[in-house]
Amino acid sequence: MSLDAVLARIDSDLPAATDRLLELLRIQSISTDPAYKAECDKAADWLVADLQSLGVSAEKRATPGHPMVVGHVDGPGPHVLFYGHYDVQPVDPLNLWDRDPFDPAIEETPKGKVIRGRGSSDDKGQLMTFIEACRAWKAEHGALPCKITFFLEGEEESGSPSLVPFMKENAEELKAEIALICDTGLFQSKTPAIMTMLRGLLGEELTITGPDKDLHSGMYGGIAMNPARVLTKILGGLFDENGVIQVPELYEGVPELSDELKAQWEGLGFDAKGFLGDVGLSVPAGENSVTPLEMIWARPTAEINGIWSGYTGDGFKTVLPSEAHAKISFRLVGTQDPQAIRKNFRAWVEAQLPADCKIAWTDHSCSPASQMSTEHPGFEAARKALSDEWPDPAAYAGCGGSIPIAGYFKTILDMDAMLVGWGKDDDQIHSPNEKYDLESYHKGIRSWARILDAMSA
Ligand code: BES
Ligand code: ZN
């Protein structure tokens, strides 16, 4: 059978496939930092060359930010679009890494072999699982089983500023029957999951200014308003004692879960104790009226992602700072409107500012939540294919993270998107010592071969 030959080739080619991933991981494509612009370009060039070697007509396409990689190849099966991102998160704090984040390697760990390095899981390792599956098909059969459009982005980790205009300008070219997105993980690190819900995201940054210069806290302390005191008081009021976010109208558009969905999620047997235990915690910190799984998949959040003011270096300085800063993000669900929440949050903060304090705002990313339809026959085909590869049958699941493009496929291109991926909860994406299990890479490649086979049948 043709699939068996492809799977056997994937198994025997794994060392070479791993070497190719290591090459891509050595490129320092940190999209948010302008100092790495040339590296982002280099990653795009590397992917263009790699796709061309598979017979894909691939090109680097300029945007006002980092380039997109777009490629097309013909095949007998349905027309699918594959999306992944080649950019990665910054690596700091560098001192917490056990190796150079851009000098990746295979490491032996008590849980098995891992590929260690920035982007190994998010998202270079994942996007290469698809490309490697295509390579094996091509090598075995001389052609691919489906018509495929490749669409690889270099700005996902910095809010995808060029994405919407690019999708609109190239709508005809990008349109396919279904989009396949590989940027998510396994449920509980072992169950293959097709994500049907993604949370949206709203990022806000604020600076509160009190005195017009830093002051000596002996000379001015007591008489001068300290902006750090103002900031912490306001942010201290973000939640009530039940974990409910206090920004007015924030819960507008947050849906009630259907009994059917609640029952399906209940059946997944989420181990909240283990999930928290893995990161040194024990008590769920969300709204105390909802289940732990709902907290990460179906409820909005407000997080302080960064907060700074005054002197934070070594030693001590009796400063009364002039400014206090915070970066805050909201994860959004249902039909919550990011713009309305931005407006209400700002009004809520500003209404609490005391005399003499000023505030300045910076907009960051903003995307609504998305809900995937699973009616396209590709979903059931993929679910069966995944169940053949992994010990557990595949499940429909939610995802607490945000992948703005998933919603844009529907709203801009009128396409359904299917999100599958092979990351594990302990991959430490965005953190020091990011890794991707060799098992994720190997079974991920095999999974894509099975999915392409099932879709082309
Ligand atoms: N791969 C992640 C999304 C993700 C996170 C999937 C957690 C599964 C679990 C993606 O690269 C990401 O980090 N997205 C950002 C989006 C933001 C920068 C616009 C996120 O969720 O914070
Ligand atoms: Zn990410």
# chains A, B, ... in the order shown; residues from 1 in each chain; ligands from 1
$ residues_around --residues "Lys343 (chain A)" --least-positions-apart "6" --cutoff "12 Å" --atoms "only C-alpha atoms" --output "ChimeraX atom specification"
/A:202,204,247-250,337,349-350,361,363
$ residues_near_ligand --ligand "ligand 2" --cutoff "7 Å" --atoms "only C-alpha atoms and all ligand atoms" --output "list in words"
Val88, Gln89, Asp122, Asp123, Glu157, Ile429 and His430 of chain A
$ write_last_selection --atoms "C-alpha atoms" --output "short mmCIF file (atom, residue, chain, number, x, y, z; two decimals), in the first residue's frame"
data_model
loop_
_atom_site.label_atom_id
_atom_site.label_comp_id
_atom_site.auth_asym_id
_atom_site.auth_seq_id
_atom_site.Cartn_x
_atom_site.Cartn_y
_atom_site.Cartn_z
CA VAL A 88 10.58 32.55 17.03
CA GLN A 89 10.32 34.28 20.39
CA ASP A 122 7.13 26.68 18.29
CA ASP A 123 7.04 26.49 15.38
CA GLU A 157 5.24 35.79 17.39
CA ILE A 429 7.64 27.20 24.30
CA HIS A 430 8.52 30.91 24.67
#
$ residues_near_ligand --ligand "ligand 1" --cutoff "7 Å" --atoms "only C-alpha atoms and all ligand atoms" --output "ChimeraX atom specification"
/A:122-123,156-160,183-185,201,365,399-404
$ write_last_selection --atoms "N, CA, C and O atoms" --output "short mmCIF file (atom, residue, chain, number, x, y, z; two decimals), in the first residue's frame"
data_model
loop_
_atom_site.label_atom_id
_atom_site.label_comp_id
_atom_site.auth_asym_id
_atom_site.auth_seq_id
_atom_site.Cartn_x
_atom_site.Cartn_y
_atom_site.Cartn_z
N ASP A 122 7.97 25.55 18.72
CA ASP A 122 7.13 26.68 18.29
C ASP A 122 7.94 27.60 17.39
O ASP A 122 8.58 28.50 17.84
N ASP A 123 7.90 27.42 16.06
CA ASP A 123 7.04 26.49 15.38
C ASP A 123 7.83 25.76 14.28
O ASP A 123 7.26 25.09 13.44
N GLU A 156 4.45 35.74 13.25
CA GLU A 156 3.38 35.26 14.12
C GLU A 156 3.65 35.63 15.57
O GLU A 156 2.74 35.98 16.31
N GLU A 157 4.91 35.54 15.98
CA GLU A 157 5.24 35.79 17.39
C GLU A 157 5.25 37.28 17.71
O GLU A 157 5.47 37.66 18.86
N SER A 158 5.05 38.13 16.73
CA SER A 158 4.99 39.55 17.04
C SER A 158 3.67 40.15 16.56
O SER A 158 3.60 41.32 16.17
N GLY A 159 2.63 39.34 16.60
CA GLY A 159 1.28 39.87 16.37
C GLY A 159 0.85 39.93 14.91
O GLY A 159 -0.18 40.50 14.59
N SER A 160 1.63 39.34 14.00
CA SER A 160 1.24 39.23 12.58
C SER A 160 0.78 40.54 11.95
O SER A 160 -0.28 40.58 11.32
N ASP A 183 0.52 24.43 14.66
CA ASP A 183 1.11 25.35 15.65
C ASP A 183 0.48 25.11 17.02
O ASP A 183 0.44 26.01 17.85
N THR A 184 -0.04 23.90 17.24
CA THR A 184 -0.66 23.57 18.53
C THR A 184 -0.08 22.25 19.03
O THR A 184 0.89 21.75 18.45
N GLY A 185 -0.68 21.71 20.09
CA GLY A 185 -0.06 20.52 20.68
C GLY A 185 -1.01 19.36 20.87
O GLY A 185 -2.18 19.40 20.47
N LEU A 201 -6.79 37.59 21.56
CA LEU A 201 -5.78 38.25 22.39
C LEU A 201 -5.87 39.76 22.21
O LEU A 201 -6.05 40.26 21.11
N SER A 365 -1.06 43.65 20.18
CA SER A 365 -1.89 42.84 19.28
C SER A 365 -3.34 42.75 19.71
O SER A 365 -3.69 42.94 20.88
N CYS A 399 -8.19 25.35 22.80
CA CYS A 399 -6.79 25.77 22.94
C CYS A 399 -6.78 27.13 23.61
O CYS A 399 -7.49 28.04 23.20
N GLY A 400 -5.99 27.25 24.67
CA GLY A 400 -5.93 28.52 25.40
C GLY A 400 -5.13 29.58 24.70
O GLY A 400 -5.30 30.76 24.95
N GLY A 401 -4.22 29.17 23.81
CA GLY A 401 -3.36 30.12 23.10
C GLY A 401 -4.11 30.79 21.96
O GLY A 401 -5.32 30.56 21.75
N SER A 402 -3.37 31.63 21.24
CA SER A 402 -3.99 32.41 20.16
C SER A 402 -3.19 32.25 18.88
O SER A 402 -1.97 32.34 18.89
N ILE A 403 -3.89 31.99 17.79
CA ILE A 403 -3.26 31.92 16.47
C ILE A 403 -4.19 32.70 15.55
O ILE A 403 -5.12 32.14 14.96
N PRO A 404 -3.97 34.03 15.49
CA PRO A 404 -4.96 34.90 14.84
C PRO A 404 -5.34 34.44 13.44
O PRO A 404 -6.49 34.56 13.03
#
$ select_by_dssp --residues "region 209-297 of chain A" --states "strand (DSSP E or B)" --output "JSON, numbers by chain"
{"A": [209, 215, 216, 221, 224, 239, 245]}
$ residues_around --residues "Asp427 (chain A)" --least-positions-apart "4" --cutoff "10 Å" --atoms "only C-alpha atoms" --output "list in words"
Val114, Ile115, Arg116, Ser120, Ser121, Asp122, Gly185, Ser189, Gly423, Ser431, Pro432, Asn433, Glu434, Lys435, Tyr436 and Asp437 of chain A
$ atom_distance --atom1 "CA of Asp425 (chain A)" --atom2 "CA of Leu186 (chain A)"
7.9 Å
$ residues_around --residues "Met219 (chain A)" --least-positions-apart "4" --cutoff "12 Å" --atoms "only C-alpha atoms" --output "PyMOL selection string"
chain A and resi 214-215+223-224+318-320
$ atom_distance --atom1 "CA of Ala285 (chain A)" --atom2 "CA of Gly243 (chain A)"
7.1 Å
$ closest_residue --among "A:Ser29, A:Ile181, A:Ala58, A:Leu332" --to "Thr129 (chain A)" --atoms "only C-alpha atoms"
A:Ile181
$ closest_residue --among "A:Leu144, A:Ala369, A:Leu24, A:Met455" --to "Val56 (chain A)" --atoms "only C-alpha atoms"
A:Leu144
$ closest_residue --among "A:Gly277, A:Gly117, A:Gly200, A:Gly237" --to "Ser367 (chain A)" --atoms "only C-alpha atoms"
A:Gly200
$ closest_residue --among "A:Ile106, A:Ala49, A:Val6, A:Ala385" --to "Thr18 (chain A)" --atoms "only C-alpha atoms"
A:Ile106
$ residues_around --residues "Ala17 (chain A)" --least-positions-apart "4" --cutoff "9 Å" --atoms "only C-alpha atoms" --output "ChimeraX atom specification"
/A:10,13,21-22,128-129,132
$ write_last_selection --atoms "all heavy atoms" --output "compact mmCIF listing (two decimals), in the first residue's frame"
# COMPACT_ATOMS: atom_id res chain seq x y z
N ILE A 10 9.79 7.53 5.94
CA ILE A 10 9.88 8.53 7.02
C ILE A 10 10.74 7.96 8.16
O ILE A 10 11.63 8.64 8.69
CB ILE A 10 8.47 8.91 7.53
CG1 ILE A 10 7.76 9.76 6.47
CG2 ILE A 10 8.56 9.66 8.86
CD1 ILE A 10 6.28 9.98 6.73
N ASP A 13 14.38 7.86 7.15
CA ASP A 13 14.97 9.18 6.85
C ASP A 13 15.00 10.10 8.08
O ASP A 13 15.41 11.25 7.98
CB ASP A 13 14.14 9.83 5.72
CG ASP A 13 14.87 10.99 5.05
OD1 ASP A 13 16.11 10.89 4.91
OD2 ASP A 13 14.22 11.99 4.70
N LEU A 21 16.12 19.94 10.27
CA LEU A 21 15.48 20.82 11.26
C LEU A 21 16.55 21.58 12.06
O LEU A 21 16.42 22.78 12.31
CB LEU A 21 14.58 20.00 12.20
CG LEU A 21 14.02 20.76 13.41
CD1 LEU A 21 13.24 22.00 12.98
CD2 LEU A 21 13.11 19.84 14.25
N LEU A 22 17.63 20.88 12.44
CA LEU A 22 18.68 21.55 13.22
C LEU A 22 19.26 22.73 12.43
O LEU A 22 19.56 23.78 12.99
CB LEU A 22 19.79 20.55 13.58
CG LEU A 22 19.40 19.44 14.57
CD1 LEU A 22 20.59 18.52 14.85
CD2 LEU A 22 18.88 20.01 15.89
N MET A 128 8.21 21.82 10.02
CA MET A 128 9.02 20.84 9.28
C MET A 128 8.37 19.46 9.28
O MET A 128 8.65 18.66 8.39
CB MET A 128 10.44 20.78 9.84
CG MET A 128 11.32 21.99 9.47
SD MET A 128 11.47 22.29 7.69
CE MET A 128 12.53 20.93 7.19
N THR A 129 7.50 19.16 10.26
CA THR A 129 6.84 17.84 10.19
C THR A 129 6.03 17.73 8.90
O THR A 129 6.00 16.68 8.27
CB THR A 129 5.91 17.55 11.40
OG1 THR A 129 4.89 18.55 11.49
CG2 THR A 129 6.68 17.46 12.70
N GLU A 132 8.51 17.54 5.85
CA GLU A 132 9.16 16.23 5.77
C GLU A 132 8.19 15.14 5.29
O GLU A 132 8.58 14.22 4.58
CB GLU A 132 9.78 15.85 7.12
CG GLU A 132 10.99 16.70 7.52
CD GLU A 132 12.16 16.58 6.53
OE1 GLU A 132 12.24 15.58 5.81
OE2 GLU A 132 12.98 17.52 6.50
$ decode --residues "region 291-315 of chain A" --atoms "N, CA, C and O atoms" --output "tab-separated table (two decimals), in the first residue's frame"
chain	number	residue	atom	x	y	z
A	291	THR	N	-14.81	25.16	35.78
A	291	THR	CA	-13.86	24.04	35.89
A	291	THR	C	-12.48	24.49	35.37
A	291	THR	O	-12.37	25.44	34.59
A	292	PRO	N	-11.43	23.76	35.78
A	292	PRO	CA	-10.08	24.12	35.32
A	292	PRO	C	-9.94	24.14	33.80
A	292	PRO	O	-9.31	25.05	33.25
A	293	LEU	N	-10.54	23.19	33.11
A	293	LEU	CA	-10.41	23.17	31.65
A	293	LEU	C	-11.09	24.39	31.03
A	293	LEU	O	-10.58	25.00	30.09
A	294	GLU	N	-12.25	24.76	31.59
A	294	GLU	CA	-12.92	25.98	31.10
A	294	GLU	C	-12.03	27.20	31.30
A	294	GLU	O	-12.01	28.11	30.47
A	295	MET	N	-11.29	27.24	32.43
A	295	MET	CA	-10.42	28.39	32.69
A	295	MET	C	-9.43	28.62	31.56
A	295	MET	O	-9.11	29.76	31.23
A	296	ILE	N	-8.90	27.53	30.97
A	296	ILE	CA	-7.89	27.74	29.92
A	296	ILE	C	-8.47	27.72	28.50
A	296	ILE	O	-7.84	28.22	27.58
A	297	TRP	N	-9.65	27.17	28.32
A	297	TRP	CA	-10.18	27.09	26.95
A	297	TRP	C	-11.36	28.02	26.69
A	297	TRP	O	-11.55	28.45	25.56
A	298	ALA	N	-12.15	28.29	27.71
A	298	ALA	CA	-13.45	28.89	27.42
A	298	ALA	C	-13.75	30.18	28.19
A	298	ALA	O	-14.83	30.73	28.06
A	299	ARG	N	-12.79	30.66	28.98
A	299	ARG	CA	-13.05	31.87	29.76
A	299	ARG	C	-12.00	32.93	29.40
A	299	ARG	O	-10.85	32.60	29.07
A	300	PRO	N	-12.37	34.21	29.52
A	300	PRO	CA	-11.38	35.27	29.28
A	300	PRO	C	-10.41	35.37	30.46
A	300	PRO	O	-10.72	34.90	31.56
A	301	THR	N	-9.26	35.93	30.19
A	301	THR	CA	-8.30	36.18	31.27
A	301	THR	C	-7.77	37.59	31.17
A	301	THR	O	-7.88	38.24	30.12
A	302	ALA	N	-7.18	38.07	32.25
A	302	ALA	CA	-6.38	39.30	32.24
A	302	ALA	C	-5.06	38.92	32.90
A	302	ALA	O	-5.08	38.35	33.99
A	303	GLU	N	-3.96	39.14	32.21
A	303	GLU	CA	-2.66	38.82	32.80
A	303	GLU	C	-1.74	40.03	32.77
A	303	GLU	O	-1.66	40.71	31.75
A	304	ILE	N	-1.04	40.23	33.86
A	304	ILE	CA	0.04	41.22	33.87
A	304	ILE	C	1.27	40.49	33.33
A	304	ILE	O	1.79	39.59	33.98
A	305	ASN	N	1.71	40.84	32.12
A	305	ASN	CA	2.85	40.14	31.50
A	305	ASN	C	4.18	40.78	31.86
A	305	ASN	O	5.23	40.15	31.73
A	306	GLY	N	4.11	42.04	32.27
A	306	GLY	CA	5.35	42.73	32.65
A	306	GLY	C	4.97	43.94	33.48
A	306	GLY	O	3.93	44.57	33.23
A	307	ILE	N	5.80	44.27	34.47
A	307	ILE	CA	5.51	45.43	35.31
A	307	ILE	C	6.84	45.95	35.83
A	307	ILE	O	7.66	45.17	36.29
A	308	TRP	N	7.09	47.23	35.66
A	308	TRP	CA	8.38	47.77	36.11
A	308	TRP	C	8.28	49.26	36.43
A	308	TRP	O	7.46	49.98	35.89
A	309	SER	N	9.14	49.65	37.38
A	309	SER	CA	9.18	51.04	37.80
A	309	SER	C	10.35	51.18	38.76
A	309	SER	O	10.75	50.22	39.41
A	310	GLY	N	10.92	52.37	38.85
A	310	GLY	CA	11.96	52.62	39.85
A	310	GLY	C	13.22	51.83	39.59
A	310	GLY	O	13.55	51.48	38.45
A	311	TYR	N	13.93	51.53	40.65
A	311	TYR	CA	15.23	50.88	40.52
A	311	TYR	C	15.09	49.38	40.71
A	311	TYR	O	14.66	48.92	41.77
A	312	THR	N	15.47	48.59	39.70
A	312	THR	CA	15.32	47.13	39.79
A	312	THR	C	16.66	46.42	39.64
A	312	THR	O	16.69	45.20	39.52
A	313	GLY	N	17.75	47.18	39.62
A	313	GLY	CA	19.06	46.55	39.47
A	313	GLY	C	19.56	45.99	40.80
A	313	GLY	O	18.82	45.94	41.80
A	314	ASP	N	20.81	45.53	40.80
A	314	ASP	CA	21.42	45.01	42.04
A	314	ASP	C	21.50	46.12	43.07
A	314	ASP	O	21.54	47.30	42.74
A	315	GLY	N	21.58	45.73	44.31
A	315	GLY	CA	21.71	46.72	45.38
A	315	GLY	C	20.40	47.44	45.64
A	315	GLY	O	19.32	46.87	45.41
